[in-house]
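Below is structure_22.tsv, holding TSV, C-alpha atoms and all ligand atoms.
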```tsv
chain	number	residue	atom	x	y	z
V	1	MET	CA	2.39	-32.63	55.14
V	2	THR	CA	0.81	-29.47	53.74
V	3	TYR	CA	3.02	-26.62	52.65
V	4	VAL	CA	1.74	-23.08	52.93
V	5	LEU	CA	3.21	-20.69	50.40
V	6	PRO	CA	4.38	-17.30	51.67
V	7	ALA	CA	2.09	-14.37	50.92
V	8	TRP	CA	4.53	-12.85	48.41
V	9	TYR	CA	4.76	-16.02	46.31
V	10	PRO	CA	2.26	-15.07	43.55
V	11	ALA	CA	4.18	-11.84	42.90
V	12	LEU	CA	7.24	-13.85	41.91
V	13	ARG	CA	5.45	-16.01	39.37
V	14	ARG	CA	5.64	-14.82	35.81
V	15	PRO	CA	2.26	-14.34	34.16
V	16	THR	CA	1.92	-16.81	31.31
V	17	ILE	CA	-1.02	-15.34	29.46
V	18	ILE	CA	-1.80	-11.88	28.17
V	19	GLU	CA	-4.67	-10.44	30.17
V	20	ARG	CA	-6.43	-8.07	27.82
V	21	THR	CA	-9.02	-5.71	29.21
V	22	GLY	CA	-10.28	-4.71	25.75
V	23	GLN	CA	-9.48	-5.33	22.13
V	24	GLN	CA	-5.79	-4.45	22.36
V	25	ARG	CA	-3.75	-5.89	19.49
V	26	ILE	CA	-0.11	-6.72	20.02
V	27	SER	CA	2.70	-6.25	17.49
V	28	VAL	CA	5.98	-8.01	18.23
V	29	ILE	CA	8.89	-6.27	16.49
V	30	VAL	CA	12.19	-8.11	16.09
V	31	PRO	CA	15.26	-6.28	14.77
V	32	ALA	CA	17.62	-8.81	13.21
V	33	ARG	CA	20.89	-8.73	11.32
V	34	ASN	CA	22.59	-12.00	10.40
V	35	GLU	CA	20.71	-14.00	13.04
V	36	GLU	CA	19.99	-17.22	11.10
V	37	ALA	CA	21.41	-19.30	13.95
V	38	ASN	CA	19.26	-17.62	16.60
V	39	ILE	CA	16.03	-16.22	15.27
V	40	ARG	CA	13.91	-19.38	14.83
V	41	PRO	CA	13.15	-20.15	18.50
V	42	VAL	CA	12.68	-16.44	19.25
V	43	LEU	CA	9.97	-16.15	16.58
V	44	GLU	CA	8.38	-19.52	17.35
V	45	LEU	CA	8.00	-18.66	21.02
V	46	ALA	CA	6.92	-15.04	20.39
V	47	LEU	CA	4.29	-15.97	17.80
V	48	PRO	CA	1.58	-17.12	20.24
V	49	TYR	CA	1.65	-13.69	21.90
V	50	ALA	CA	1.62	-11.70	18.65
V	51	ASP	CA	-1.32	-10.49	16.60
V	52	GLU	CA	1.33	-9.19	14.22
V	53	LEU	CA	4.97	-10.28	13.96
V	54	LEU	CA	7.39	-7.94	12.22
V	55	VAL	CA	11.03	-8.70	11.53
V	56	LEU	CA	13.08	-5.63	10.68
V	57	ASP	CA	15.99	-7.06	8.77
V	58	GLY	CA	19.30	-5.22	8.66
V	59	HIS	CA	20.27	-6.45	5.17
V	60	SER	CA	21.32	-9.84	6.50
V	61	ARG	CA	23.71	-11.81	4.33
V	62	ASP	CA	22.46	-15.13	5.70
V	63	ALA	CA	19.06	-16.90	5.80
V	64	THR	CA	17.49	-14.63	8.46
V	65	ARG	CA	14.84	-13.22	6.10
V	66	ASP	CA	13.87	-16.64	4.69
V	67	ILE	CA	13.49	-18.20	8.14
V	68	ALA	CA	11.39	-15.28	9.37
V	69	ALA	CA	9.11	-15.33	6.33
V	70	ALA	CA	8.67	-19.12	6.56
V	71	LEU	CA	7.51	-18.73	10.17
V	72	GLY	CA	4.85	-16.21	9.13
V	73	ALA	CA	6.56	-12.94	10.05
V	74	ARG	CA	6.21	-9.85	7.90
V	75	VAL	CA	9.78	-9.11	6.87
V	76	ILE	CA	10.76	-5.49	6.28
V	77	LEU	CA	14.18	-4.39	5.08
V	78	ASP	CA	15.53	-1.62	7.29
V	79	SER	CA	17.15	1.60	6.05
V	80	GLY	CA	20.69	0.34	6.68
V	81	GLN	CA	21.42	2.92	9.38
V	82	GLY	CA	21.41	0.64	12.44
V	83	LYS	CA	19.18	-0.97	15.06
V	84	GLY	CA	17.67	2.33	16.21
V	85	ALA	CA	16.56	3.24	12.70
V	86	ALA	CA	15.08	-0.27	12.38
V	87	ILE	CA	13.11	0.21	15.62
V	88	ARG	CA	11.80	3.56	14.36
V	89	GLN	CA	10.73	1.96	11.09
V	90	GLY	CA	9.03	-0.85	13.03
V	91	ILE	CA	7.03	1.70	15.02
V	92	GLN	CA	5.80	3.32	11.78
V	93	GLU	CA	4.95	-0.02	10.14
V	94	ALA	CA	3.25	-1.76	13.08
V	95	SER	CA	-0.51	-1.70	13.41
V	96	GLY	CA	-0.91	-3.06	16.96
V	97	ASP	CA	-2.02	-0.98	19.94
V	98	ILE	CA	0.89	-2.31	21.99
V	99	LEU	CA	4.37	-2.81	20.55
V	100	VAL	CA	6.84	-5.34	21.97
V	101	PHE	CA	10.52	-5.13	21.02
V	102	ILE	CA	12.65	-8.24	21.43
V	103	ASP	CA	16.14	-9.04	20.11
V	104	ALA	CA	16.68	-11.88	17.67
V	105	ASP	CA	19.92	-13.14	19.23
V	106	GLY	CA	18.37	-15.25	21.99
V	107	SER	CA	19.18	-12.72	24.74
V	108	HIS	CA	15.53	-12.33	25.72
V	109	ASP	CA	12.99	-14.97	26.67
V	110	PRO	CA	9.70	-14.53	24.75
V	111	HIS	CA	7.90	-16.09	27.74
V	112	ASP	CA	8.43	-12.72	29.46
V	113	ILE	CA	6.18	-10.97	26.92
V	114	PRO	CA	3.00	-11.23	29.10
V	115	ALA	CA	4.87	-9.64	32.03
V	116	LEU	CA	5.78	-6.70	29.77
V	117	VAL	CA	2.39	-6.33	28.12
V	118	ASN	CA	-0.07	-6.92	30.97
V	119	PRO	CA	0.55	-3.65	32.87
V	120	ILE	CA	-0.24	-1.76	29.64
V	121	CYS	CA	-3.34	-3.87	28.93
V	122	GLN	CA	-4.54	-3.14	32.44
V	123	GLY	CA	-3.98	0.61	32.12
V	124	LEU	CA	-1.23	0.66	34.74
V	125	ALA	CA	1.60	1.87	32.49
V	126	ASP	CA	2.30	3.46	29.11
V	127	HIS	CA	5.69	1.82	28.72
V	128	VAL	CA	7.16	-1.27	30.41
V	129	SER	CA	10.87	-1.97	30.22
V	130	GLY	CA	12.53	-5.26	30.99
V	131	SER	CA	15.21	-4.89	33.65
V	132	ARG	CA	18.37	-6.97	33.75
V	133	MET	CA	19.18	-5.53	37.17
V	134	LEU	CA	15.92	-6.95	38.54
V	135	GLY	CA	15.90	-10.14	36.47
V	136	GLY	CA	19.61	-10.89	36.26
V	137	SER	CA	22.03	-11.04	33.36
V	138	ASP	CA	24.56	-13.57	32.13
V	139	GLU	CA	26.23	-10.89	30.02
V	140	LEU	CA	27.15	-7.94	32.16
V	141	HIS	CA	29.93	-9.08	34.44
V	142	ALA	CA	32.09	-11.56	32.55
V	143	THR	CA	34.61	-9.40	30.70
V	144	LEU	CA	36.21	-5.97	30.99
V	145	HIS	CA	34.24	-4.88	27.91
V	146	GLN	CA	30.97	-5.96	29.55
V	147	GLY	CA	31.99	-4.27	32.78
V	148	MET	CA	32.52	-0.98	30.92
V	149	ARG	CA	29.08	-1.28	29.33
V	150	LEU	CA	27.56	-1.91	32.75
V	151	LEU	CA	29.36	1.03	34.33
V	152	GLY	CA	28.29	3.43	31.56
V	153	SER	CA	24.74	2.19	31.70
V	154	GLN	CA	24.58	2.58	35.49
V	155	VAL	CA	25.90	6.15	35.37
V	156	ILE	CA	23.22	7.07	32.83
V	157	THR	CA	20.49	5.32	34.84
V	158	LEU	CA	21.60	7.06	38.03
V	159	SER	CA	21.53	10.46	36.31
V	160	ILE	CA	17.99	9.84	35.05
V	161	ASN	CA	16.84	8.82	38.52
V	162	TYR	CA	18.49	11.74	40.21
V	163	THR	CA	17.23	14.43	37.83
V	164	GLN	CA	13.77	13.02	37.07
V	165	ASN	CA	12.86	11.69	40.50
V	166	VAL	CA	12.30	8.12	39.30
V	167	ARG	CA	13.84	4.84	40.43
V	168	LEU	CA	14.85	2.95	37.30
V	169	THR	CA	17.44	0.19	37.21
V	170	ASP	CA	18.03	-0.41	33.48
V	171	CYS	CA	17.73	2.24	30.78
V	172	GLN	CA	19.31	0.28	27.93
V	173	ASN	CA	17.43	-2.96	27.65
V	174	GLY	CA	16.24	-3.90	24.16
V	175	PHE	CA	13.29	-5.85	25.60
V	176	ARG	CA	10.27	-3.59	26.20
V	177	ALA	CA	6.59	-2.97	25.51
V	178	ILE	CA	5.06	0.41	24.78
V	179	ARG	CA	1.71	1.80	23.63
V	180	ARG	CA	1.99	2.53	19.91
V	181	ASP	CA	0.51	6.04	20.23
V	182	VAL	CA	3.07	6.84	22.92
V	183	ALA	CA	5.93	5.43	20.82
V	184	LEU	CA	4.82	7.63	17.91
V	185	ALA	CA	4.49	10.67	20.17
V	186	LEU	CA	8.08	10.25	21.38
V	187	ASP	CA	9.31	11.27	17.91
V	188	LEU	CA	12.41	9.06	18.18
V	189	ARG	CA	15.56	10.09	16.31
V	190	GLU	CA	18.44	7.73	17.21
V	191	ASN	CA	19.83	5.39	14.54
V	192	ILE	CA	21.81	2.98	16.72
V	193	THR	CA	21.26	1.21	20.03
V	194	THR	CA	21.10	4.61	21.78
V	195	ILE	CA	17.40	4.41	20.83
V	196	GLU	CA	16.82	2.51	24.12
V	197	GLN	CA	17.97	5.34	26.38
V	198	GLU	CA	16.22	7.86	24.11
V	199	MET	CA	12.93	5.99	24.60
V	200	VAL	CA	13.36	5.82	28.36
V	201	ILE	CA	14.42	9.44	28.86
V	202	LYS	CA	11.72	10.87	26.58
V	203	THR	CA	9.04	8.69	28.21
V	204	VAL	CA	9.97	9.94	31.67
V	205	ARG	CA	10.49	13.58	30.68
V	206	ARG	CA	7.13	13.69	28.89
V	207	GLY	CA	5.37	12.42	31.99
V	208	TYR	CA	4.32	9.03	30.63
V	209	HIS	CA	4.20	6.22	33.12
V	210	LEU	CA	7.22	3.91	32.76
V	211	ILE	CA	7.62	0.82	34.90
V	212	GLU	CA	10.16	-1.97	34.91
V	213	VAL	CA	9.62	-5.69	35.28
V	214	PRO	CA	12.34	-8.27	35.90
V	215	THR	CA	13.53	-10.01	32.73
V	216	HIS	CA	16.59	-12.19	32.55
V	217	GLU	CA	19.21	-11.50	29.89
V	218	TYR	CA	20.99	-14.48	28.36
V	219	VAL	CA	24.24	-14.54	26.42
V	220	ARG	CA	23.50	-14.32	22.69
V	221	ALA	CA	22.84	-17.91	21.62
V	222	ASN	CA	25.28	-18.02	18.65
V	223	GLY	CA	27.67	-15.62	16.99
V	224	VAL	CA	29.69	-12.76	18.41
V	225	SER	CA	28.60	-9.40	19.73
V	226	ASN	CA	28.52	-6.52	17.24
V	227	PHE	CA	28.72	-4.00	20.04
V	228	ARG	CA	32.05	-2.07	20.26
V	229	VAL	CA	32.13	0.34	23.18
V	230	LYS	CA	34.74	2.64	21.60
V	231	ASP	CA	32.71	3.01	18.36
V	232	VAL	CA	29.44	3.95	20.04
V	233	ALA	CA	30.54	5.61	23.30
V	234	PRO	CA	30.57	9.17	21.83
V	235	ARG	CA	26.97	8.79	20.61
V	236	TYR	CA	25.88	7.34	23.97
V	237	VAL	CA	27.33	10.31	25.79
V	238	THR	CA	25.99	13.01	23.45
V	239	SER	CA	22.49	11.51	23.19
V	240	TRP	CA	22.31	10.97	26.97
V	241	LEU	CA	23.26	14.59	27.73
V	242	TYR	CA	21.10	15.99	24.94
V	243	TYR	CA	17.84	14.17	25.80
V	244	LEU	CA	18.27	14.54	29.54
V	245	PHE	CA	19.33	18.19	29.72
V	246	LEU	CA	18.83	20.08	26.44
V	247	TRP	CA	15.86	18.52	24.65
V	248	ARG	CA	12.55	20.22	25.46
V	249	PRO	CA	9.41	18.04	25.54
V	250	PRO	CA	6.70	19.43	23.22
V	251	ARG	CA	3.36	20.42	24.71
V	252	ARG	CA	1.08	18.30	22.55
V	253	GLN	CA	1.12	14.61	23.36
V	254	ALA	CA	-0.82	11.37	23.49
V	255	ARG	CA	-2.98	10.80	26.58
V	256	ARG	CA	-1.16	9.30	29.58
V	257	VAL	CA	-2.51	6.45	31.68
V	258	GLY	CA	-4.74	7.89	34.35
V	259	ALA	CA	-4.97	11.26	32.54
V	301	LIG	N1	17.41	-4.47	11.67
V	301	LIG	C1	18.58	-4.37	12.30
V	301	LIG	N2	18.83	-5.11	13.40
V	301	LIG	C2	20.04	-5.00	14.00
V	301	LIG	C3	21.03	-4.13	13.52
V	301	LIG	N3	22.11	-4.24	14.35
V	301	LIG	C4	21.79	-5.14	15.29
V	301	LIG	N4	20.54	-5.61	15.08
V	301	LIG	C5	19.78	-6.57	15.88
V	301	LIG	O1	19.48	-5.95	17.10
V	301	LIG	C6	19.51	-6.90	18.17
V	301	LIG	C7	20.52	-6.45	19.23
V	301	LIG	O2	21.77	-6.33	18.61
V	301	LIG	P1	23.09	-6.93	19.23
V	301	LIG	O3	24.17	-6.80	18.22
V	301	LIG	O4	22.78	-8.27	19.79
V	301	LIG	O5	23.38	-5.89	20.33
V	301	LIG	P2	23.46	-6.14	21.82
V	301	LIG	O6	22.36	-7.07	22.24
V	301	LIG	O7	23.51	-4.81	22.45
V	301	LIG	O8	24.89	-6.79	21.93
V	301	LIG	P3	25.35	-8.31	22.02
V	301	LIG	O9	24.21	-9.14	22.49
V	301	LIG	O10	26.47	-8.25	22.97
V	301	LIG	O11	25.77	-8.69	20.62
V	301	LIG	C8	19.87	-8.23	17.54
V	301	LIG	O12	18.67	-8.94	17.28
V	301	LIG	C9	20.56	-7.82	16.25
V	301	LIG	O13	20.44	-8.79	15.23
V	301	LIG	C10	20.75	-3.36	12.34
V	301	LIG	O14	21.55	-2.59	11.84
V	301	LIG	N5	19.51	-3.52	11.78
V	302	MG	MG	22.26	-9.03	22.24
```

As structure tokens:
Amino acid sequence: MTYVLPAWYPALRRPTIIERTGQQRISVIVPARNEEANIRPVLELALPYADELLVLDGHSRDATRDIAAALGARVILDSGQGKGAAIRQGIQEASGDILVFIDADGSHDPHDIPALVNPICQGLADHVSGSRMLGGSDELHATLHQGMRLLGSQVITLSINYTQNVRLTDCQNGFRAIRRDVALALDLRENITTIEQEMVIKTVRRGYHLIEVPTHEYVRANGVSNFRVKDVAPRYVTSWLYYLFLWRPPRRQARRVGA
């Protein structure tokens, strides 16, 4: 018996290799704070895709830095202000043409890196965000706390779509790839995890091409979440309203795809 695959089948398969069209170099940037129980497999699986592997360490009090260094990562101590500040420092320190951001807690599968990077390599996008709404999440619906995060995130995504005429599904995923010159041009300012929505809103408002690809989000492998909605909610609201409605994109910018 011969089985014929449906025509859409190839579109559902994840690419497994990075398809470079030129000499693009890839920097994988991993923010990590006290992730000794989680970071090893993340780095081991990300390494084959990385020309440069940077771990931005948030002054971990465990063996995170030692594990990362032993696996060949360049370890950089962050400024102590939060994940957003670490991401901004990573952008300044990285030398690759394409930057990939992936969490160290096991929430993201490094095998998705080619899916994030290939559209940029092929000149189809400036910025590619992983989407938990397209790829599924084990984290968003289990508790009231997670439900509140999901609700807030969906309201912000909806407002971006409605005002910017785009159709995004996830504006707060920590798993993304972006051209380094575009990341630098965005002139990011956030110090905490609000950096994700800042990157998305500024990318869209500056006319860069942002696409999403499905990536699955797993529950952090070990340890407990550091995220407290009540501590960060005010910053989420103010940064969302500021970047979407008050912030004015500057005129000068890096070249867009297709421009
Ligand atoms: N360098 C640095 N990394 C951080 C800091 N805070 C968090 N991280 C890392 O950023 C990534 C995401 O942080 P999480 O605390 O997992 O945040 P989250 O993914 O939104 O929430 P949970 O998965 O629910 O804990 C993880 O790899 C953390 O170790 C920080 O202050 N500095
Ligand atoms: Mg996480």

- Message: So, with all atoms listed in the file as the atoms that count, which of V:Glu52, V:Asp78, V:Asp97, V:Asp105 lies closest to Ile39 (chain V)?
- Response: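 Residue with the minimum atom-to-atom distance to Ile39 (chain V): V:Asp105.
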
- Would you mind listing the residues within 9 Å of ligand LIG 301 (chain V), counting all atoms listed in the file, as a VMD selection string? chain V and resid 30 to 35 38 to 39 55 to 60 76 to 87 102 to 107 139 146 172 to 174 191 to 193 218 to 221 223 to 228

- Task: Do a neighbour search on Val204 (chain V) at 12 Å with all atoms listed in the file, toss out local chain neighbours closer than 3 positions, and write the hits as a ChimeraX atom specification.
- Result: /V:125-128,157,160-161,163-168,171,182,186,197-201,207-211,243-244,249,256

- In Å, rounded to a single decimal, give me how far CA of Arg132 (chain V) is from CA of Ala254 (chain V).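 Distance between the two atoms: 28.5 Å.
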
- Which residues come within 9 Å of Val213 (chain V), counting only C-alpha atoms, excluding same-chain residues fewer than 6 positions away, as a ChimeraX atom specification? /V:115-116,128-132,134-135

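Between Glu19 (chain V) and the candidates V:Gly123, V:Pro234, V:Gly258, V:Gly147, the tightest atom-to-atom separation, counting all atoms listed in the file, involves V:Gly123.
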
- Item | Between CA of Arg180 (chain V) and CA of Gly22 (chain V), distance in Å (one decimal) |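 One can read the CA of Arg180 (chain V) to CA of Gly22 (chain V) distance as 15.4 Å.
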
- Task: Identify, on the basis of only C-alpha atoms, every residue whose closest approach to Arg25 (chain V) does not exceed 12 Å; exclude the query and any residue fewer than 5 positions from it along the same chain; express the result as a ChimeraX atom specification.
- Result: /V:18-20,49-53,94-100,117,120-121,179-180

- Task: Do a neighbour search on His145 (chain V) at 8 Å with all atoms listed in the file, toss out local chain neighbours closer than 3 positions, and write the hits as an MDAnalysis selection string.
- Result: chainID V and resid 148:149 229

- Item | Top pick for closest residue to ligand MG 302 (chain V), considering V:Ile29, V:Ile91, V:Leu140, V:Met133 and counting only C-alpha atoms and all ligand atoms | V:Leu140

- Task: Can you work out the spacing between CA of Val257 (chain V) and CA of Thr16 (chain V) in Å, to one decimal?
- Result: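 Going from CA of Val257 (chain V) over to CA of Thr16 (chain V), I get 23.7 Å.
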
- Item | Among the residues V:Val28, V:Ser137, V:Gln122, V:Ala259, the one that comes closest to ligand MG 302 (chain V) [using all atoms listed in the file] | V:Ser137

- For ligand MG 302 (chain V), which of V:Leu47, V:Ala37, V:Asn222, V:Arg255 is the closest residue, counting all atoms listed in the file?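 The answer is V:Asn222, which sits nearest to ligand MG 302 (chain V).
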
- Message: Counting all atoms listed in the file, which residue out of V:Leu150, V:Arg14, V:His108, V:Pro119 sits closest to ligand MG 302 (chain V)?
- Response: V:His108

Can I get region 52-80 of chain V with N, CA and C atoms filled in, as a PDB file, in the frame of the given file?
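After the write, rebuild.pdb holds the following:
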```pdb
ATOM      1  N   GLU V  52       0.550  -9.568  15.399  1.00  0.00           N
ATOM      2  CA  GLU V  52       1.330  -9.190  14.220  1.00  0.00           C
ATOM      3  C   GLU V  52       2.797  -9.372  14.580  1.00  0.00           C
ATOM      4  N   LEU V  53       3.548 -10.034  13.695  1.00  0.00           N
ATOM      5  CA  LEU V  53       4.970 -10.280  13.960  1.00  0.00           C
ATOM      6  C   LEU V  53       5.787  -9.638  12.847  1.00  0.00           C
ATOM      7  N   LEU V  54       6.586  -8.653  13.214  1.00  0.00           N
ATOM      8  CA  LEU V  54       7.390  -7.940  12.220  1.00  0.00           C
ATOM      9  C   LEU V  54       8.868  -8.231  12.469  1.00  0.00           C
ATOM     10  N   VAL V  55       9.580  -8.585  11.427  1.00  0.00           N
ATOM     11  CA  VAL V  55      11.030  -8.700  11.530  1.00  0.00           C
ATOM     12  C   VAL V  55      11.636  -7.584  10.693  1.00  0.00           C
ATOM     13  N   LEU V  56      12.394  -6.711  11.375  1.00  0.00           N
ATOM     14  CA  LEU V  56      13.080  -5.630  10.680  1.00  0.00           C
ATOM     15  C   LEU V  56      14.475  -6.127  10.376  1.00  0.00           C
ATOM     16  N   ASP V  57      14.728  -6.416   9.133  1.00  0.00           N
ATOM     17  CA  ASP V  57      15.990  -7.060   8.770  1.00  0.00           C
ATOM     18  C   ASP V  57      17.036  -6.032   8.348  1.00  0.00           C
ATOM     19  N   GLY V  58      18.206  -6.151   8.946  1.00  0.00           N
ATOM     20  CA  GLY V  58      19.300  -5.220   8.660  1.00  0.00           C
ATOM     21  C   GLY V  58      20.175  -5.714   7.525  1.00  0.00           C
ATOM     22  N   HIS V  59      19.553  -6.012   6.379  1.00  0.00           N
ATOM     23  CA  HIS V  59      20.270  -6.450   5.170  1.00  0.00           C
ATOM     24  C   HIS V  59      21.157  -7.660   5.465  1.00  0.00           C
ATOM     25  N   SER V  60      20.575  -8.639   6.124  1.00  0.00           N
ATOM     26  CA  SER V  60      21.320  -9.840   6.500  1.00  0.00           C
ATOM     27  C   SER V  60      21.889 -10.534   5.266  1.00  0.00           C
ATOM     28  N   ARG V  61      23.094 -11.069   5.434  1.00  0.00           N
ATOM     29  CA  ARG V  61      23.710 -11.810   4.330  1.00  0.00           C
ATOM     30  C   ARG V  61      23.537 -13.316   4.535  1.00  0.00           C
ATOM     31  N   ASP V  62      22.707 -13.707   5.477  1.00  0.00           N
ATOM     32  CA  ASP V  62      22.460 -15.130   5.700  1.00  0.00           C
ATOM     33  C   ASP V  62      20.958 -15.401   5.500  1.00  0.00           C
ATOM     34  N   ALA V  63      20.441 -16.483   6.078  1.00  0.00           N
ATOM     35  CA  ALA V  63      19.060 -16.900   5.800  1.00  0.00           C
ATOM     36  C   ALA V  63      18.026 -16.283   6.759  1.00  0.00           C
ATOM     37  N   THR V  64      18.405 -15.234   7.475  1.00  0.00           N
ATOM     38  CA  THR V  64      17.490 -14.630   8.460  1.00  0.00           C
ATOM     39  C   THR V  64      16.125 -14.309   7.856  1.00  0.00           C
ATOM     40  N   ARG V  65      16.116 -13.634   6.713  1.00  0.00           N
ATOM     41  CA  ARG V  65      14.840 -13.220   6.100  1.00  0.00           C
ATOM     42  C   ARG V  65      13.984 -14.422   5.718  1.00  0.00           C
ATOM     43  N   ASP V  66      14.616 -15.452   5.136  1.00  0.00           N
ATOM     44  CA  ASP V  66      13.870 -16.640   4.690  1.00  0.00           C
ATOM     45  C   ASP V  66      13.252 -17.363   5.884  1.00  0.00           C
ATOM     46  N   ILE V  67      14.013 -17.505   6.949  1.00  0.00           N
ATOM     47  CA  ILE V  67      13.490 -18.200   8.140  1.00  0.00           C
ATOM     48  C   ILE V  67      12.305 -17.422   8.702  1.00  0.00           C
ATOM     49  N   ALA V  68      12.455 -16.108   8.788  1.00  0.00           N
ATOM     50  CA  ALA V  68      11.390 -15.280   9.370  1.00  0.00           C
ATOM     51  C   ALA V  68      10.125 -15.367   8.516  1.00  0.00           C
ATOM     52  N   ALA V  69      10.285 -15.284   7.220  1.00  0.00           N
ATOM     53  CA  ALA V  69       9.110 -15.330   6.330  1.00  0.00           C
ATOM     54  C   ALA V  69       8.446 -16.700   6.424  1.00  0.00           C
ATOM     55  N   ALA V  70       9.238 -17.767   6.489  1.00  0.00           N
ATOM     56  CA  ALA V  70       8.670 -19.120   6.560  1.00  0.00           C
ATOM     57  C   ALA V  70       7.870 -19.324   7.850  1.00  0.00           C
ATOM     58  N   LEU V  71       8.229 -18.585   8.891  1.00  0.00           N
ATOM     59  CA  LEU V  71       7.510 -18.730  10.170  1.00  0.00           C
ATOM     60  C   LEU V  71       6.302 -17.778  10.242  1.00  0.00           C
ATOM     61  N   GLY V  72       6.065 -17.044   9.181  1.00  0.00           N
ATOM     62  CA  GLY V  72       4.850 -16.210   9.130  1.00  0.00           C
ATOM     63  C   GLY V  72       5.063 -14.762   9.524  1.00  0.00           C
ATOM     64  N   ALA V  73       6.316 -14.350   9.711  1.00  0.00           N
ATOM     65  CA  ALA V  73       6.560 -12.940  10.050  1.00  0.00           C
ATOM     66  C   ALA V  73       6.467 -12.084   8.794  1.00  0.00           C
ATOM     67  N   ARG V  74       6.098 -10.826   8.989  1.00  0.00           N
ATOM     68  CA  ARG V  74       6.210  -9.850   7.900  1.00  0.00           C
ATOM     69  C   ARG V  74       7.637  -9.317   7.941  1.00  0.00           C
ATOM     70  N   VAL V  75       8.369  -9.498   6.870  1.00  0.00           N
ATOM     71  CA  VAL V  75       9.780  -9.110   6.870  1.00  0.00           C
ATOM     72  C   VAL V  75       9.932  -7.768   6.157  1.00  0.00           C
ATOM     73  N   ILE V  76      10.569  -6.837   6.836  1.00  0.00           N
ATOM     74  CA  ILE V  76      10.760  -5.490   6.280  1.00  0.00           C
ATOM     75  C   ILE V  76      12.257  -5.194   6.288  1.00  0.00           C
ATOM     76  N   LEU V  77      12.769  -4.747   5.162  1.00  0.00           N
ATOM     77  CA  LEU V  77      14.180  -4.390   5.080  1.00  0.00           C
ATOM     78  C   LEU V  77      14.387  -3.023   5.727  1.00  0.00           C
ATOM     79  N   ASP V  78      15.339  -2.921   6.633  1.00  0.00           N
ATOM     80  CA  ASP V  78      15.530  -1.620   7.290  1.00  0.00           C
ATOM     81  C   ASP V  78      16.303  -0.655   6.383  1.00  0.00           C
ATOM     82  N   SER V  79      16.547   0.558   6.882  1.00  0.00           N
ATOM     83  CA  SER V  79      17.150   1.600   6.050  1.00  0.00           C
ATOM     84  C   SER V  79      18.673   1.504   5.994  1.00  0.00           C
ATOM     85  N   GLY V  80      19.237   0.527   6.717  1.00  0.00           N
ATOM     86  CA  GLY V  80      20.690   0.340   6.680  1.00  0.00           C
ATOM     87  C   GLY V  80      21.447   1.277   7.597  1.00  0.00           C
TER      88      GLY V  80
END
```
